Amino acid sequence: MSELTNDATQKLAVNLPLTSEQEKLVKQILAFTKKHINGDTPAIFTVYGDAGTGKSVVLAHLFNKIQLAARTEKDSPLYQTKNYFLVNHPEILKVYKEIAGKQANLYKKDFTRPTSLINGLDKKQTKVDVVIDEAHLLLSHRDAYNNFTYDNQLVEIIKRAKVIILVFDQYQVMRTKTYWSTEQLEEITHQYPHEDYHLTHQFRMNASSELINWFNTFTDESKVIPFPQNARNGYDFRVFDDAEKMRQEIVKRNQEVGLARILSTTGYPSILDGKKHYIKEGKFKMPWDQYNYTVKPWAEIPETINEVGSFYTCQGFDLNYTGIILSPPFYQVPDTNQIQIDTSKFTDTEAFKRRTDLFDDKELEQVKMRLFMNQINVLFKRGIYGTYLYAHDPLLRKTLYEYYQKLIKD
């Protein structure tokens, strides 16, 4: 444990070895890029994969090779091409910019937000060659708040680039303004020369595939079922009936190895104290994560052990241990194993804004529930060495705790 790497830039370092599958995929995308770089129409390569399947590592290595060719390899079809890595997540963008500062052929200006690139190219009336992006973070609707005045970021990127390399995880679609389904994505990407690839191996979590399947059953089927017998084999999985006790254990793990944090989803009414928005569960009282103005990612700031993280601050990042609070919108239906979501208890109005262009009010309710389950699925898959759970709903808390007690006794 003492040799853990807690620096996000080290986990995406371009000199780290790849698996044989990842290496083969990087070569495949490079060949695709070189084949289509001078084509008559845009071409799109999409990599599909759940959280923790190594998408970001593949992209980091790939972009380094593309920029190496663009800046040094005179005999390459990529020589002197203009290429960008787009990141629509401020915390992840910080990591890539820091990586760029340590690599000879990667510049900080190579990494930017999608809206910044689109608006910048419009001003110069120019186009670019290769663009890499995470499709599940792209806006699928105009957004004045982000200064995006078009209807769809992917469509606008395709208009301005020759080769587009995407990664997509349907579980990481979190907000209505970035709403995508696989079908909606492919309606766009499959209009052009394209290749698709699916990554399936879980790299982040040391948990058994059966425990990961339990998390997926919870979010995909809205069911709470007994834990698999091997849920704790080589993995520190625990359930608490007291949120404060869970916090104390997370603090201990943080003192031992670092990168242990409390996480939760929307649904806590504003309890303001000194301008901070607090979450309260019995003796547990902690503020939500604050906007991070530093160059360090939220999880790597030592003081954030005293905050509750959300998907806004931890999506895309590894944590060693997570203490997850299943917030008030989650509740178990009495006398069943079904989980319901009370959307009236959502407090994150920004994530669940109406989209009249995509769904009516009834469909919007279904989409809200799907996005909320996506949020908790992402939180479920942060912890490398351990995941702790606590539920606000008394019945769900009781069921989870009883299943856990049975697990540790068997």
# chains A, B, ... in the order shown; residues from 1 in each chain; ligands from 1
call {"tool": "residues_around", "arguments": {"residues": "Thr41 (chain A)", "least_positions_apart": "4", "cutoff": "9 Å", "atoms": "only C-alpha atoms", "output": "PyMOL selection string"}}
result
chain A and resi 36+162-163+192-193
call {"tool": "residues_around", "arguments": {"residues": "Phe168 (chain A)", "least_positions_apart": "5", "cutoff": "10 Å", "atoms": "only C-alpha atoms", "output": "CSV table (one decimal) with N, CA and C atoms, in the first residue's frame"}}
result
chain,number,residue,atom,x,y,z
A,46,THR,N,-14.9,5.4,-32.8
A,46,THR,CA,-15.5,5.4,-31.5
A,46,THR,C,-15.1,4.2,-30.6
A,47,VAL,N,-14.6,4.5,-29.4
A,47,VAL,CA,-14.2,3.5,-28.4
A,47,VAL,C,-15.3,3.5,-27.3
A,48,TYR,N,-16.0,2.4,-27.2
A,48,TYR,CA,-17.0,2.3,-26.1
A,48,TYR,C,-16.4,1.5,-24.9
A,49,GLY,N,-16.8,1.9,-23.7
A,49,GLY,CA,-16.3,1.2,-22.5
A,49,GLY,C,-16.9,1.8,-21.3
A,50,ASP,N,-17.2,1.0,-20.3
A,50,ASP,CA,-17.6,1.5,-19.0
A,50,ASP,C,-16.5,2.2,-18.2
A,51,ALA,N,-16.9,2.8,-17.1
A,51,ALA,CA,-15.9,3.4,-16.2
A,51,ALA,C,-14.8,2.4,-15.8
A,55,LYS,N,-10.2,3.7,-21.0
A,55,LYS,CA,-10.4,4.6,-22.1
A,55,LYS,C,-9.4,5.8,-22.1
A,133,ASP,N,-12.1,13.3,-28.2
A,133,ASP,CA,-13.1,13.8,-27.3
A,133,ASP,C,-13.8,12.7,-26.6
A,134,GLU,N,-14.3,13.0,-25.4
A,134,GLU,CA,-15.2,12.1,-24.7
A,134,GLU,C,-16.7,12.5,-25.0
A,135,ALA,N,-17.3,11.7,-25.8
A,135,ALA,CA,-18.6,12.0,-26.4
A,135,ALA,C,-19.7,12.2,-25.3
A,136,HIS,N,-19.6,11.4,-24.2
A,136,HIS,CA,-20.6,11.5,-23.1
A,136,HIS,C,-20.6,12.8,-22.4
A,137,LEU,N,-19.6,13.6,-22.6
A,137,LEU,CA,-19.5,15.0,-22.0
A,137,LEU,C,-19.9,16.1,-22.9
A,173,VAL,N,-23.3,9.6,-19.0
A,173,VAL,CA,-24.1,10.7,-19.4
A,173,VAL,C,-24.9,11.1,-18.1
A,180,TRP,N,-27.1,11.8,-24.2
A,180,TRP,CA,-26.8,11.0,-25.4
A,180,TRP,C,-27.2,9.6,-25.1
A,181,SER,N,-27.7,8.9,-26.0
A,181,SER,CA,-27.8,7.4,-26.0
A,181,SER,C,-26.9,6.9,-27.1
A,182,THR,N,-26.6,5.6,-27.0
A,182,THR,CA,-25.8,5.0,-28.0
A,182,THR,C,-26.4,5.1,-29.4
A,185,LEU,N,-26.0,8.7,-30.6
A,185,LEU,CA,-24.6,8.9,-31.0
A,185,LEU,C,-24.4,8.3,-32.4
A,198,HIS,N,-15.1,-1.9,-28.6
A,198,HIS,CA,-15.6,-2.0,-27.3
A,198,HIS,C,-14.6,-2.6,-26.3
call {"tool": "atom_distance", "arguments": {"atom1": "CA of Ser20 (chain A)", "atom2": "CA of Lys35 (chain A)"}}
result
22.5 Å
call {"tool": "closest_atom_pairs", "arguments": {"of": "region 182-286 of chain A", "to": "region 334-352 of chain A", "cutoff": "8 Å", "atoms": "only C-alpha atoms", "output": "JSON lines"}}
result
{"residue": "A:Phe218", "atom": "CA", "partner": "A:Ile339", "partner_atom": "CA", "distance": 7.8}
{"residue": "A:Ser222", "atom": "CA", "partner": "A:Ile339", "partner_atom": "CA", "distance": 4.8}
{"residue": "A:Lys223", "atom": "CA", "partner": "A:Gln338", "partner_atom": "CA", "distance": 4.7}
{"residue": "A:Val224", "atom": "CA", "partner": "A:Asn337", "partner_atom": "CA", "distance": 5.4}
{"residue": "A:Ile225", "atom": "CA", "partner": "A:Asn337", "partner_atom": "CA", "distance": 6.8}
{"residue": "A:Thr266", "atom": "CA", "partner": "A:Thr347", "partner_atom": "CA", "distance": 5.7}
{"residue": "A:Gly267", "atom": "CA", "partner": "A:Phe346", "partner_atom": "CA", "distance": 4.6}
{"residue": "A:Tyr268", "atom": "CA", "partner": "A:Thr347", "partner_atom": "CA", "distance": 6.5}
{"residue": "A:Pro269", "atom": "CA", "partner": "A:Thr347", "partner_atom": "CA", "distance": 6.6}
call {"tool": "atom_distance", "arguments": {"atom1": "CA of Gln125 (chain A)", "atom2": "CA of Thr72 (chain A)"}}
result
26.6 Å
call {"tool": "residues_around", "arguments": {"residues": "region 214-216 of chain A", "least_positions_apart": "4", "cutoff": "7 Å", "atoms": "only C-alpha atoms", "output": "MDAnalysis selection string"}}
result
chainID A and resid 210 220 227 377 380
call {"tool": "write_last_selection", "arguments": {"atoms": "N, CA and C atoms", "output": "PDB file, in the first residue's frame"}}
result
ATOM      1  N   GLU A 210     -18.436 -10.117  -9.789  1.00  0.00           N
ATOM      2  CA  GLU A 210     -19.770 -10.302  -9.198  1.00  0.00           C
ATOM      3  C   GLU A 210     -20.213  -9.068  -8.408  1.00  0.00           C
ATOM      4  N   ASP A 220     -29.067  -0.547 -13.095  1.00  0.00           N
ATOM      5  CA  ASP A 220     -29.743  -0.896 -14.352  1.00  0.00           C
ATOM      6  C   ASP A 220     -31.153  -1.425 -14.133  1.00  0.00           C
ATOM      7  N   PHE A 227     -25.674  -9.503  -1.431  1.00  0.00           N
ATOM      8  CA  PHE A 227     -24.330  -9.320  -1.974  1.00  0.00           C
ATOM      9  C   PHE A 227     -23.719 -10.662  -2.360  1.00  0.00           C
ATOM     10  N   ASN A 377     -23.878   5.159 -10.493  1.00  0.00           N
ATOM     11  CA  ASN A 377     -23.036   4.120 -11.081  1.00  0.00           C
ATOM     12  C   ASN A 377     -21.591   4.596 -11.192  1.00  0.00           C
ATOM     13  N   PHE A 380     -20.138   4.497  -7.748  1.00  0.00           N
ATOM     14  CA  PHE A 380     -19.859   3.108  -7.379  1.00  0.00           C
ATOM     15  C   PHE A 380     -18.503   2.633  -7.906  1.00  0.00           C
TER      16      PHE A 380
END
call {"tool": "closest_atom_pairs", "arguments": {"of": "region 117-220 of chain A", "to": "region 301-325 of chain A", "cutoff": "12 Å", "atoms": "only C-alpha atoms", "output": "Markdown table"}}
result
| residue | atom | partner | partner_atom | distance |
| --- | --- | --- | --- | --- |
| A:Glu134 | CA | A:Gly316 | CA | 10.5 |
| A:His136 | CA | A:Gln315 | CA | 11.5 |
| A:Leu137 | CA | A:Gln315 | CA | 10.5 |
| A:Asp169 | CA | A:Gly316 | CA | 11.1 |
| A:Tyr171 | CA | A:Gln315 | CA | 11.1 |
| A:Gln172 | CA | A:Gln315 | CA | 8.1 |
| A:Val173 | CA | A:Gln315 | CA | 10.6 |
| A:Met174 | CA | A:Phe311 | CA | 8.3 |
| A:Arg175 | CA | A:Tyr312 | CA | 10.5 |
| A:Phe203 | CA | A:Asp318 | CA | 10.6 |
| A:Arg204 | CA | A:Asp318 | CA | 7.1 |
| A:Met205 | CA | A:Asp318 | CA | 9.0 |
| A:Asn206 | CA | A:Asn320 | CA | 10.1 |
| A:Ala207 | CA | A:Tyr321 | CA | 11.8 |
call {"tool": "select_by_dssp", "arguments": {"residues": "region 88-174 of chain A", "states": "strand (DSSP E or B)", "output": "PyMOL selection string"}}
result
chain A and resi 111-112+130-134+143+148+163-168
call {"tool": "atom_distance", "arguments": {"atom1": "CA of Gln67 (chain A)", "atom2": "CA of Val26 (chain A)"}}
result
13.5 Å
call {"tool": "closest_residue", "arguments": {"among": "A:Lys362, A:Arg113, A:Lys108, A:Lys159", "to": "Asn88 (chain A)", "atoms": "only C-alpha atoms"}}
result
A:Arg113
call {"tool": "select_by_dssp", "arguments": {"residues": "region 193-404 of chain A", "states": "alpha helix (DSSP H)", "output": "PyMOL selection string"}}
result
chain A and resi 209-220+243-257+311-314+361-380+394-404
call {"tool": "residues_around", "arguments": {"residues": "Ile37 (chain A)", "least_positions_apart": "5", "cutoff": "12 Å", "atoms": "only C-alpha atoms", "output": "PyMOL selection string"}}
result
chain A and resi 29-32+42-44+66+70+76-83+128-131+161-165+193
call {"tool": "closest_residue", "arguments": {"among": "A:Ala243, A:Leu154, A:Leu166, A:Ala299", "to": "Lys280 (chain A)", "atoms": "only C-alpha atoms"}}
result
A:Ala243
